[in-house]
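*Asks:* Contents of final.cif (mmCIF, C-alpha atoms) are given next:
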```cif
data_start
#
loop_
_atom_site.label_atom_id
_atom_site.label_comp_id
_atom_site.auth_asym_id
_atom_site.auth_seq_id
_atom_site.Cartn_x
_atom_site.Cartn_y
_atom_site.Cartn_z
CA MET Y 244 13.74 -22.98 -3.40
CA ARG Y 245 10.39 -22.41 -1.73
CA THR Y 246 7.32 -21.93 -3.88
CA LEU Y 247 4.45 -19.47 -3.58
CA SER Y 248 2.41 -22.31 -2.10
CA ASP Y 249 5.05 -22.91 0.58
CA TYR Y 250 4.98 -19.30 1.74
CA ALA Y 251 1.19 -19.16 1.49
CA GLN Y 252 0.86 -22.16 3.81
CA LEU Y 253 2.99 -20.43 6.44
CA VAL Y 254 0.77 -17.36 6.19
CA GLU Y 255 -2.46 -19.36 6.26
CA ALA Y 256 -1.54 -21.24 9.44
CA ARG Y 257 -0.43 -18.10 11.27
CA LEU Y 258 -3.51 -16.09 10.30
CA GLY Y 259 -5.74 -18.68 11.98
CA GLU Y 260 -3.65 -18.42 15.14
CA LEU Y 261 -3.67 -14.63 15.20
CA ILE Y 262 -7.47 -14.37 14.93
CA PRO Y 263 -8.94 -17.52 16.47
CA ALA Y 264 -12.64 -18.28 16.47
CA ALA Y 265 -14.32 -16.51 19.42
CA PRO Y 266 -16.84 -18.11 21.83
CA PRO Y 267 -20.35 -17.38 20.53
CA LYS Y 268 -22.48 -14.66 22.08
CA ARG Y 269 -20.27 -13.95 25.07
CA PHE Y 270 -20.42 -10.35 26.23
CA ALA Y 271 -17.05 -9.68 27.83
CA ALA Y 272 -14.85 -6.63 28.06
CA SER Y 273 -11.32 -6.63 26.65
CA GLU Y 274 -11.82 -9.42 24.13
CA MET Y 275 -12.78 -9.53 20.46
CA PRO Y 276 -16.57 -10.03 20.16
CA TRP Y 277 -17.64 -13.22 18.38
CA LEU Y 278 -19.43 -11.40 15.55
CA LEU Y 279 -16.38 -9.25 14.83
CA ALA Y 280 -14.09 -12.30 14.88
CA ASP Y 281 -16.51 -14.23 12.66
CA SER Y 282 -16.77 -11.46 10.06
CA MET Y 283 -13.01 -10.80 10.04
CA ARG Y 284 -12.21 -14.51 9.69
CA TYR Y 285 -14.90 -14.96 7.00
CA SER Y 286 -12.98 -12.75 4.58
CA LEU Y 287 -9.45 -13.25 5.88
CA LEU Y 288 -9.57 -17.05 5.74
CA ALA Y 289 -11.51 -17.29 2.46
CA GLY Y 290 -8.49 -18.47 0.50
CA GLY Y 291 -6.68 -16.47 -2.13
CA LYS Y 292 -3.12 -16.62 -3.39
CA ARG Y 293 -1.58 -14.85 -0.35
CA LEU Y 294 0.59 -13.13 -2.93
CA ARG Y 295 1.57 -9.96 -1.07
CA PRO Y 296 2.61 -11.60 2.22
CA SER Y 297 4.41 -14.39 0.36
CA MET Y 298 6.42 -11.83 -1.56
CA LEU Y 299 7.47 -10.19 1.70
CA LEU Y 300 8.62 -13.55 3.10
CA ALA Y 301 10.42 -14.48 -0.12
CA ALA Y 302 12.25 -11.13 -0.14
CA VAL Y 303 13.39 -11.64 3.45
CA GLU Y 304 14.72 -15.07 2.50
CA MET Y 305 16.38 -13.74 -0.67
CA LEU Y 306 18.20 -11.21 1.51
CA GLY Y 307 19.47 -13.89 3.89
CA GLY Y 308 16.82 -13.80 6.61
CA ASP Y 309 14.47 -16.37 8.14
CA PRO Y 310 10.91 -15.94 6.81
CA ASN Y 311 9.50 -17.18 10.12
CA ASP Y 312 10.93 -14.09 11.81
CA ALA Y 313 8.92 -11.90 9.41
CA LEU Y 314 5.71 -13.93 9.47
CA ASP Y 315 3.63 -11.55 11.56
CA TYR Y 316 4.56 -8.64 9.30
CA ALA Y 317 3.49 -10.72 6.30
CA CYS Y 318 0.20 -11.66 7.97
CA ALA Y 319 -0.43 -7.99 8.72
CA VAL Y 320 -0.04 -7.23 5.01
CA GLU Y 321 -2.71 -9.84 4.23
CA MET Y 322 -5.01 -8.34 6.87
CA ILE Y 323 -4.64 -4.92 5.25
CA HIS Y 324 -5.25 -6.37 1.80
CA THR Y 325 -8.38 -8.17 3.02
CA TYR Y 326 -9.72 -5.04 4.72
CA SER Y 327 -9.33 -3.21 1.42
CA LEU Y 328 -11.30 -5.91 -0.40
CA ILE Y 329 -14.13 -5.82 2.17
CA HIS Y 330 -14.44 -2.05 1.83
CA ASP Y 331 -13.98 -2.13 -1.95
CA ASP Y 332 -16.99 -4.46 -2.25
CA LEU Y 333 -19.30 -2.17 -0.23
CA PRO Y 334 -22.32 -0.54 -1.92
CA GLY Y 335 -20.68 2.90 -1.67
CA MET Y 336 -17.61 1.71 -3.59
CA ASP Y 337 -17.64 -1.11 -6.17
CA ASP Y 338 -20.90 -2.60 -4.87
CA ASP Y 339 -20.00 -6.23 -5.52
CA THR Y 340 -21.68 -9.35 -4.21
CA MET Y 341 -19.00 -11.98 -4.91
CA ARG Y 342 -15.41 -12.24 -3.71
CA ARG Y 343 -13.09 -15.25 -3.77
CA GLY Y 344 -15.95 -17.36 -5.06
CA ARG Y 345 -18.51 -16.65 -2.34
CA PRO Y 346 -20.80 -13.83 -1.14
CA THR Y 347 -19.01 -10.67 -0.06
CA ASN Y 348 -18.74 -9.73 3.60
CA HIS Y 349 -21.53 -7.17 3.62
CA VAL Y 350 -23.93 -9.61 1.93
CA VAL Y 351 -23.40 -12.09 4.77
CA PHE Y 352 -22.95 -9.82 7.80
CA GLY Y 353 -24.55 -6.53 6.74
CA VAL Y 354 -22.94 -3.27 5.66
CA GLY Y 355 -22.27 -1.94 9.16
CA GLN Y 356 -20.57 -5.11 10.36
CA ALA Y 357 -18.56 -5.37 7.13
CA ILE Y 358 -17.21 -1.85 7.70
CA LEU Y 359 -16.23 -2.85 11.23
CA ALA Y 360 -14.61 -6.07 10.00
CA GLY Y 361 -12.47 -4.02 7.62
CA ASP Y 362 -11.66 -1.50 10.34
CA GLY Y 363 -10.79 -4.34 12.70
CA LEU Y 364 -8.43 -5.99 10.23
CA LEU Y 365 -6.65 -2.71 9.49
CA ASN Y 366 -6.17 -1.87 13.15
CA PHE Y 367 -5.22 -5.41 14.16
CA ALA Y 368 -2.61 -5.50 11.41
CA PHE Y 369 -0.71 -2.72 13.16
CA GLU Y 370 -1.26 -4.27 16.59
CA THR Y 371 0.24 -7.47 15.20
CA MET Y 372 3.29 -5.77 13.71
CA LEU Y 373 3.97 -3.64 16.78
CA ALA Y 374 3.75 -6.72 19.01
CA ALA Y 375 6.26 -8.47 16.72
CA ALA Y 376 8.65 -5.51 16.94
CA LEU Y 377 8.35 -5.35 20.72
CA ARG Y 378 9.21 -9.04 21.03
CA ARG Y 379 12.59 -8.29 19.45
CA PRO Y 380 13.78 -5.08 21.17
CA GLU Y 381 17.28 -5.56 19.79
CA ARG Y 382 15.78 -5.24 16.30
CA ALA Y 383 13.08 -2.70 17.12
CA ALA Y 384 14.46 -0.07 14.73
CA ALA Y 385 14.30 -2.49 11.80
CA GLY Y 386 10.78 -3.53 12.81
CA LEU Y 387 9.55 0.05 13.08
CA SER Y 388 11.08 0.91 9.71
CA ALA Y 389 9.23 -2.05 8.17
CA ILE Y 390 5.95 -0.95 9.78
CA ALA Y 391 6.46 2.56 8.42
CA GLU Y 392 6.89 1.17 4.90
CA ILE Y 393 3.68 -0.86 5.13
CA ALA Y 394 1.82 2.13 6.58
CA ARG Y 395 2.91 4.30 3.65
CA GLY Y 396 1.94 1.65 1.14
CA SER Y 397 -1.56 1.27 2.55
CA GLY Y 398 -2.11 4.91 3.46
CA VAL Y 399 -3.15 8.30 2.19
CA THR Y 400 -0.35 8.57 -0.38
CA GLY Y 401 -0.56 4.88 -1.30
CA MET Y 402 -3.47 2.46 -1.60
CA ILE Y 403 -6.12 4.78 -0.13
CA ALA Y 404 -4.98 7.59 -2.42
CA GLY Y 405 -5.38 5.34 -5.44
CA GLN Y 406 -8.83 4.22 -4.34
CA ALA Y 407 -9.95 7.82 -3.81
CA LEU Y 408 -8.77 8.80 -7.29
CA ASP Y 409 -10.44 5.71 -8.74
CA LEU Y 410 -13.82 6.71 -7.31
CA TYR Y 411 -13.38 10.30 -8.45
CA CYS Y 412 -12.48 9.38 -12.03
CA GLU Y 413 -15.36 6.91 -12.23
CA ARG Y 414 -17.85 9.53 -10.99
CA GLU Y 415 -16.52 12.31 -13.23
CA ARG Y 416 -15.98 10.03 -16.25
CA ILE Y 417 -12.33 11.05 -16.50
CA ALA Y 418 -10.34 9.16 -19.16
CA ASP Y 419 -6.83 10.51 -18.64
CA VAL Y 420 -3.81 8.19 -18.94
CA SER Y 421 -1.89 10.07 -16.23
CA ALA Y 422 -4.87 9.63 -13.89
CA LEU Y 423 -4.93 5.92 -14.70
CA GLU Y 424 -1.26 5.54 -13.81
CA ALA Y 425 -1.74 7.44 -10.52
CA ILE Y 426 -4.70 5.20 -9.64
CA GLN Y 427 -2.93 1.96 -10.43
CA ARG Y 428 0.37 2.91 -8.82
CA GLY Y 429 -1.58 3.80 -5.70
CA LYS Y 430 -4.31 1.25 -5.24
CA THR Y 431 -2.44 -1.77 -6.64
CA ALA Y 432 1.33 -1.32 -6.99
CA CYS Y 433 1.83 0.20 -3.53
CA MET Y 434 0.66 -2.97 -1.80
CA PHE Y 435 3.29 -4.94 -3.68
CA LEU Y 436 6.27 -2.62 -3.53
CA TYR Y 437 5.97 -1.44 0.08
CA PRO Y 438 5.84 -4.94 1.59
CA LEU Y 439 8.99 -5.66 -0.43
CA ARG Y 440 10.57 -2.51 0.98
CA ALA Y 441 9.47 -3.66 4.45
CA ALA Y 442 11.34 -6.92 3.91
CA ALA Y 443 14.44 -4.93 2.99
CA ARG Y 444 14.07 -2.84 6.16
CA LEU Y 445 13.79 -5.96 8.29
CA GLN Y 446 17.08 -7.13 6.79
CA ASN Y 447 18.78 -3.72 7.09
CA ALA Y 448 19.35 -3.73 3.34
CA ASP Y 449 21.21 -0.95 1.54
CA GLU Y 450 19.69 1.72 -0.69
CA ALA Y 451 20.54 -0.12 -3.90
CA THR Y 452 18.55 -3.14 -2.70
CA LEU Y 453 15.65 -0.92 -1.69
CA ALA Y 454 15.67 0.68 -5.13
CA ALA Y 455 15.74 -2.68 -6.92
CA LEU Y 456 12.83 -4.03 -4.88
CA THR Y 457 10.92 -0.79 -5.42
CA ASP Y 458 11.37 -1.04 -9.18
CA TYR Y 459 10.36 -4.70 -9.20
CA GLY Y 460 7.33 -4.10 -6.98
CA THR Y 461 6.14 -1.18 -9.09
CA ALA Y 462 6.46 -3.11 -12.36
CA PHE Y 463 4.88 -6.19 -10.84
CA GLY Y 464 1.95 -4.19 -9.46
CA LEU Y 465 1.26 -2.41 -12.74
CA LEU Y 466 1.50 -5.73 -14.60
CA PHE Y 467 -0.85 -7.37 -12.09
CA GLN Y 468 -3.44 -4.61 -12.49
CA ALA Y 469 -3.16 -4.68 -16.27
CA THR Y 470 -3.81 -8.43 -16.33
CA ASP Y 471 -6.68 -7.91 -13.88
CA ASP Y 472 -8.21 -5.36 -16.25
CA LEU Y 473 -7.79 -7.81 -19.13
CA LEU Y 474 -9.40 -10.64 -17.20
CA ASP Y 475 -12.40 -8.45 -16.37
CA VAL Y 476 -13.03 -8.41 -20.12
CA VAL Y 477 -11.82 -11.79 -21.37
CA GLY Y 478 -11.64 -13.91 -18.20
CA SER Y 479 -13.90 -16.41 -16.47
CA ALA Y 480 -16.03 -15.36 -13.49
CA GLU Y 481 -15.67 -18.87 -12.08
CA ALA Y 482 -11.88 -18.75 -12.25
CA MET Y 483 -11.68 -15.19 -10.93
CA GLY Y 484 -14.17 -15.79 -8.10
CA LYS Y 485 -15.84 -12.42 -8.58
CA THR Y 486 -18.27 -10.61 -10.86
CA LEU Y 487 -16.75 -9.69 -14.23
CA GLY Y 488 -17.65 -6.93 -16.67
CA LYS Y 489 -18.42 -4.42 -13.92
CA ASP Y 490 -15.58 -2.08 -14.90
CA ALA Y 491 -16.93 -1.41 -18.38
CA ALA Y 492 -20.52 -1.24 -17.12
CA SER Y 493 -19.64 1.41 -14.54
CA GLY Y 494 -17.38 3.43 -16.82
CA LYS Y 495 -14.30 2.77 -14.71
CA LEU Y 496 -10.94 3.97 -16.01
CA THR Y 497 -8.87 0.85 -16.73
CA CYS Y 498 -5.98 -0.23 -18.93
CA VAL Y 499 -8.45 -1.73 -21.39
CA SER Y 500 -10.56 1.44 -21.59
CA ALA Y 501 -7.40 3.53 -22.07
CA TYR Y 502 -5.27 1.31 -24.31
CA GLY Y 503 -7.59 -1.40 -25.66
CA VAL Y 504 -6.98 -5.13 -25.30
CA ASP Y 505 -3.91 -5.26 -27.55
CA GLY Y 506 -2.39 -2.16 -25.97
CA THR Y 507 -2.92 -3.64 -22.51
CA ARG Y 508 -1.18 -6.85 -23.55
CA ALA Y 509 1.76 -4.78 -24.80
CA LEU Y 510 1.84 -2.98 -21.44
CA VAL Y 511 1.95 -6.34 -19.66
CA GLU Y 512 4.94 -7.38 -21.74
CA ALA Y 513 6.76 -4.10 -21.03
CA GLN Y 514 6.21 -4.31 -17.28
CA HIS Y 515 7.30 -7.95 -17.30
CA ARG Y 516 10.61 -6.94 -18.86
CA ALA Y 517 11.02 -4.11 -16.33
CA ALA Y 518 10.35 -6.44 -13.38
CA VAL Y 519 12.87 -9.05 -14.51
CA GLU Y 520 15.51 -6.41 -15.21
CA ALA Y 521 15.01 -4.79 -11.78
CA LEU Y 522 16.28 -7.90 -9.96
CA SER Y 523 18.89 -8.98 -12.49
CA GLY Y 524 21.68 -8.11 -10.07
CA PHE Y 525 20.52 -10.77 -7.62
CA GLY Y 526 21.11 -13.62 -10.05
CA GLU Y 527 19.75 -17.01 -9.00
CA ARG Y 528 18.67 -15.63 -5.62
CA ALA Y 529 15.83 -13.82 -7.40
CA SER Y 530 14.52 -16.92 -9.21
CA PHE Y 531 11.33 -16.99 -7.10
CA PHE Y 532 10.48 -13.46 -8.20
CA VAL Y 533 11.32 -14.09 -11.84
CA GLN Y 534 9.11 -17.19 -11.90
CA LEU Y 535 6.38 -15.25 -10.09
CA VAL Y 536 6.22 -12.46 -12.63
CA ASP Y 537 6.45 -15.00 -15.48
CA GLY Y 538 3.34 -16.67 -14.08
CA MET Y 539 1.46 -13.39 -13.75
CA VAL Y 540 1.71 -12.75 -17.50
CA SER Y 541 -0.47 -15.76 -18.29
CA ARG Y 542 -2.63 -15.91 -15.16
CA THR Y 543 -6.32 -16.75 -15.38
CA HIS Y 544 -7.34 -15.69 -11.86
#
```
In C-alpha cells, write the structure found in this file.
*Replies:*
Amino acid sequence: MRTLSDYAQLVEARLGELIPAAPPKRFAASEMPWLLADSMRYSLLAGGKRLRPSMLLAAVEMLGGDPNDALDYACAVEMIHTYSLIHDDLPGMDDDTMRRGRPTNHVVFGVGQAILAGDGLLNFAFETMLAAALRRPERAAAGLSAIAEIARGSGVTGMIAGQALDLYCERERIADVSALEAIQRGKTACMFLYPLRAAARLQNADEATLAALTDYGTAFGLLFQATDDLLDVVGSAEAMGKTLGKDAASGKLTCVSAYGVDGTRALVEAQHRAAVEALSGFGERASFFVQLVDGMVSRTH
C-alpha cells in the first residue's frame, strides 16, 4: 500500500514540471512572466503535506485506477488550495505574515503580485485539468465530471462561500453554531470531499461510492478543521509553520470558541468515528484512508 508520502512525491515532482522556473526579466507575449512564475512557485513549492491531492490519487487507486492518470487533476487541487492560502493571508483577510514556516507571499512579493499569484494558480488549475481531459478524448466525459466536482468544491457554494461567511461572522461577532458548521463545511470540508468525488467521477463510480466518499470527506474535513482550531490554541507555532493565537485575538468563530477545548476534542472523536464508518464497506481497500484519519486525530501540524 502506498503512503501519504508516496502520493505527495508524485504530486511534488509534477507540480515543478507544470510551472517551471521562467527566464528572468524577459518581456515576451504568450508566456508566463518570470515574476508571476516566481510568486506562484514560491507558495506552491513551499512544502506542505499535499494532503488533498494525495487523497484524490489514493481514491482513484482504491477504485481500481492508476494514480498517474489522475495526477494533473490532483496537482490542480493543490494549486487551488495554495491560491486560497495566498489570498487568506492577505491584509484584507487573515492578515498573516507566516505560512509553511516562511514569510507569506504578499510579504515577499507585495500585495498586488500576491493577488495575481493566487489568481494565476486558480486559473492555471483549470487549464491543467482541461488539458488533461483533452488528452484523453475517449474519457472526456469522466474528466469533465471530475472538473465540475472540483469547481463546485472550490466555488461560490463551497470553499469561497465558507470564506465569505467566515469574514462576515468575524466582522459581526456572530457566535452561532449553525454558522460555524456552514463555515467549516464550506471553507475546509469542501476541498476534501469534492476531490474525492472527482476521483470517483474519473473512475465512473456508482452513486453508493460517491455517497461513501462524500460522507468520509465531510467527516474528515470537519475533523481536520476542529484539530486546526485546537492547535491554534494548544499547538506549536514552529510545528504549524504559521502564527498561532490569531483566531482568539480576532474574535473568529471556531470550534474552540463555540465548544471549548474539551468539546472540540469530543467533536474530533465523533467525526473520526463517522469517517471510519463511511468507508467500512471497502474493507482493506480503504486502509490508507483509515490510517489517514487516525493520524489526523493526534496531529501536531
*Asks:* If you count all atoms listed in the file, which residues fall within 9 Å of Ala301 of chain Y, apart from same-chain ones fewer than 5 positions away, as an MDAnalysis selection string?
*Replies:* chainID Y and resid 245:247 250 296 306 310 439 442 531:532
*Asks:* Can you pull out every residue within 12 Å of Ala501 of chain Y, counting only C-alpha atoms, but drop anything in the same chain fewer than 6 positions away, and send it as an MDAnalysis selection string?
*Replies:* chainID Y and resid 417:424 469 472:473 491 494:495 507 510
*Asks:* Which neighbours of Phe525 of chain Y fall inside 9 Å, counting all atoms listed in the file, when residues of the same chain fewer than 4 positions from it are skipped, and could you give them as a ChimeraX atom specification?
*Replies:* /Y:305,529-530
*Asks:* Give as a list in words the residues that the PyMOL selection byres ((chain Y and resi 369-381) around 9) matches when applied to the coordinates above.
*Replies:*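 Taken over the shown coordinates, the PyMOL selection byres ((chain Y and resi 369-381) around 9) returns Leu261, Asp312, Ala313, Asp315, Tyr316, Ala317, Cys318, Ala319, Leu364, Leu365, Asn366, Phe367, Ala368, Arg382, Ala383, Ala384, Ala385, Gly386, Leu387, Ala389, Ile390 and Ala394 of chain Y.
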*Asks:* With distances taken over all atoms listed in the file, which of Y:Thr543, Y:Gln356, Y:Thr457, Y:Thr325 is nearest to Gly290 of chain Y?
*Replies:* Y:Thr325
*Asks:* Let me make sure I understand: among Y:Arg295, Y:Leu314, Y:Ile323, Y:Tyr285, which one has the smallest atom-to-atom distance to Asn348 of chain Y if we use only C-alpha atoms?
*Replies:*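 For Asn348 of chain Y, the nearest of the candidates is Y:Tyr285.
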*Asks:* Written as a PDB file with C-alpha atoms, in the frame of the given file, which residues does the PyMOL selection byres ((chain Y and resi 460) around 12) give for the file shown?
*Replies:*
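As written to disk, result-v4.pdb reads:
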```pdb
ATOM      1  CA  LEU Y 294       0.590 -13.130  -2.930  1.00  0.00           C
ATOM      2  CA  ARG Y 295       1.570  -9.960  -1.070  1.00  0.00           C
ATOM      3  CA  MET Y 298       6.420 -11.830  -1.560  1.00  0.00           C
ATOM      4  CA  LEU Y 299       7.470 -10.190   1.700  1.00  0.00           C
ATOM      5  CA  ALA Y 302      12.250 -11.130  -0.140  1.00  0.00           C
ATOM      6  CA  GLY Y 396       1.940   1.650   1.140  1.00  0.00           C
ATOM      7  CA  ARG Y 428       0.370   2.910  -8.820  1.00  0.00           C
ATOM      8  CA  GLY Y 429      -1.580   3.800  -5.700  1.00  0.00           C
ATOM      9  CA  THR Y 431      -2.440  -1.770  -6.640  1.00  0.00           C
ATOM     10  CA  ALA Y 432       1.330  -1.320  -6.990  1.00  0.00           C
ATOM     11  CA  CYS Y 433       1.830   0.200  -3.530  1.00  0.00           C
ATOM     12  CA  MET Y 434       0.660  -2.970  -1.800  1.00  0.00           C
ATOM     13  CA  PHE Y 435       3.290  -4.940  -3.680  1.00  0.00           C
ATOM     14  CA  LEU Y 436       6.270  -2.620  -3.530  1.00  0.00           C
ATOM     15  CA  TYR Y 437       5.970  -1.440   0.080  1.00  0.00           C
ATOM     16  CA  PRO Y 438       5.840  -4.940   1.590  1.00  0.00           C
ATOM     17  CA  LEU Y 439       8.990  -5.660  -0.430  1.00  0.00           C
ATOM     18  CA  ARG Y 440      10.570  -2.510   0.980  1.00  0.00           C
ATOM     19  CA  ALA Y 441       9.470  -3.660   4.450  1.00  0.00           C
ATOM     20  CA  ALA Y 442      11.340  -6.920   3.910  1.00  0.00           C
ATOM     21  CA  LEU Y 453      15.650  -0.920  -1.690  1.00  0.00           C
ATOM     22  CA  ALA Y 454      15.670   0.680  -5.130  1.00  0.00           C
ATOM     23  CA  ALA Y 455      15.740  -2.680  -6.920  1.00  0.00           C
ATOM     24  CA  LEU Y 456      12.830  -4.030  -4.880  1.00  0.00           C
ATOM     25  CA  THR Y 457      10.920  -0.790  -5.420  1.00  0.00           C
ATOM     26  CA  ASP Y 458      11.370  -1.040  -9.180  1.00  0.00           C
ATOM     27  CA  TYR Y 459      10.360  -4.700  -9.200  1.00  0.00           C
ATOM     28  CA  THR Y 461       6.140  -1.180  -9.090  1.00  0.00           C
ATOM     29  CA  ALA Y 462       6.460  -3.110 -12.360  1.00  0.00           C
ATOM     30  CA  PHE Y 463       4.880  -6.190 -10.840  1.00  0.00           C
ATOM     31  CA  GLY Y 464       1.950  -4.190  -9.460  1.00  0.00           C
ATOM     32  CA  LEU Y 465       1.260  -2.410 -12.740  1.00  0.00           C
ATOM     33  CA  LEU Y 466       1.500  -5.730 -14.600  1.00  0.00           C
ATOM     34  CA  PHE Y 467      -0.850  -7.370 -12.090  1.00  0.00           C
ATOM     35  CA  GLN Y 514       6.210  -4.310 -17.280  1.00  0.00           C
ATOM     36  CA  HIS Y 515       7.300  -7.950 -17.300  1.00  0.00           C
ATOM     37  CA  ALA Y 517      11.020  -4.110 -16.330  1.00  0.00           C
ATOM     38  CA  ALA Y 518      10.350  -6.440 -13.380  1.00  0.00           C
ATOM     39  CA  VAL Y 519      12.870  -9.050 -14.510  1.00  0.00           C
ATOM     40  CA  GLU Y 520      15.510  -6.410 -15.210  1.00  0.00           C
ATOM     41  CA  ALA Y 521      15.010  -4.790 -11.780  1.00  0.00           C
ATOM     42  CA  LEU Y 522      16.280  -7.900  -9.960  1.00  0.00           C
ATOM     43  CA  PHE Y 532      10.480 -13.460  -8.200  1.00  0.00           C
ATOM     44  CA  VAL Y 533      11.320 -14.090 -11.840  1.00  0.00           C
ATOM     45  CA  LEU Y 535       6.380 -15.250 -10.090  1.00  0.00           C
ATOM     46  CA  VAL Y 536       6.220 -12.460 -12.630  1.00  0.00           C
TER      47      VAL Y 536
END
```
*Asks:* Enter the distance from atom CA of Ala256 of chain Y to atom CA of Phe352 of chain Y, in Å, rounded to one decimal.
*Replies:* 24.3 Å
*Asks:* Find the residue from Y:Thr470, Y:Gln534, Y:Ser388, Y:Gln427 that sits nearest to Met402 of chain Y; use all atoms listed in the file when measuring.
*Replies:* Y:Gln427
*Asks:* Using the chain letters and residue numbers of this document, give as JSON, numbers by chain the residues selected by the PyMOL selection byres ((chain Y and resi 353) around 12).
*Replies:* {"Y": [278, 279, 282, 329, 332, 333, 334, 340, 346, 347, 348, 349, 350, 351, 352, 354, 355, 356, 357, 358, 359, 360]}
*Asks:* Pull the neighbourhood of (-12.2, -7.1, 16.5) for me: all residues within 6 Å in file coordinates, counting all atoms listed in the file, as a count of residues only.
*Replies:* 4
*Asks:* Using only C-alpha atoms, which of Y:Lys430, Y:Phe270, Y:Gly526, Y:Gln468 sits nearest Leu408 of chain Y?
*Replies:*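 Among the listed residues, the smallest separation from Leu408 of chain Y belongs to Y:Lys430.
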*Asks:* Would you compute the distance between atom CA of Asp471 of chain Y and atom CA of Ile393 of chain Y? Give it in Å to one decimal.
*Replies:*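 Separating atom CA of Asp471 of chain Y from atom CA of Ile393 of chain Y is a distance of 22.8 Å.
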*Asks:* Could you tell me how far atom CA of Leu410 of chain Y lies from atom CA of Gly361 of chain Y, in Å and to one decimal?
*Replies:* 18.4 Å
*Asks:* Considering all atoms listed in the file, can you say which of Y:Arg284, Y:Arg345, Y:Arg508, Y:Lys268 comes closest to Ser541 of chain Y?
*Replies:*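 Answer, going by the shortest atom-to-atom distance: Y:Arg508.
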*Asks:* Using all atoms listed in the file, pick whichever of Y:Ser397, Y:Ser523, Y:Gln446, Y:Ser286 has the shortest atom-to-atom distance to Leu328 of chain Y.
*Replies:* Y:Ser286
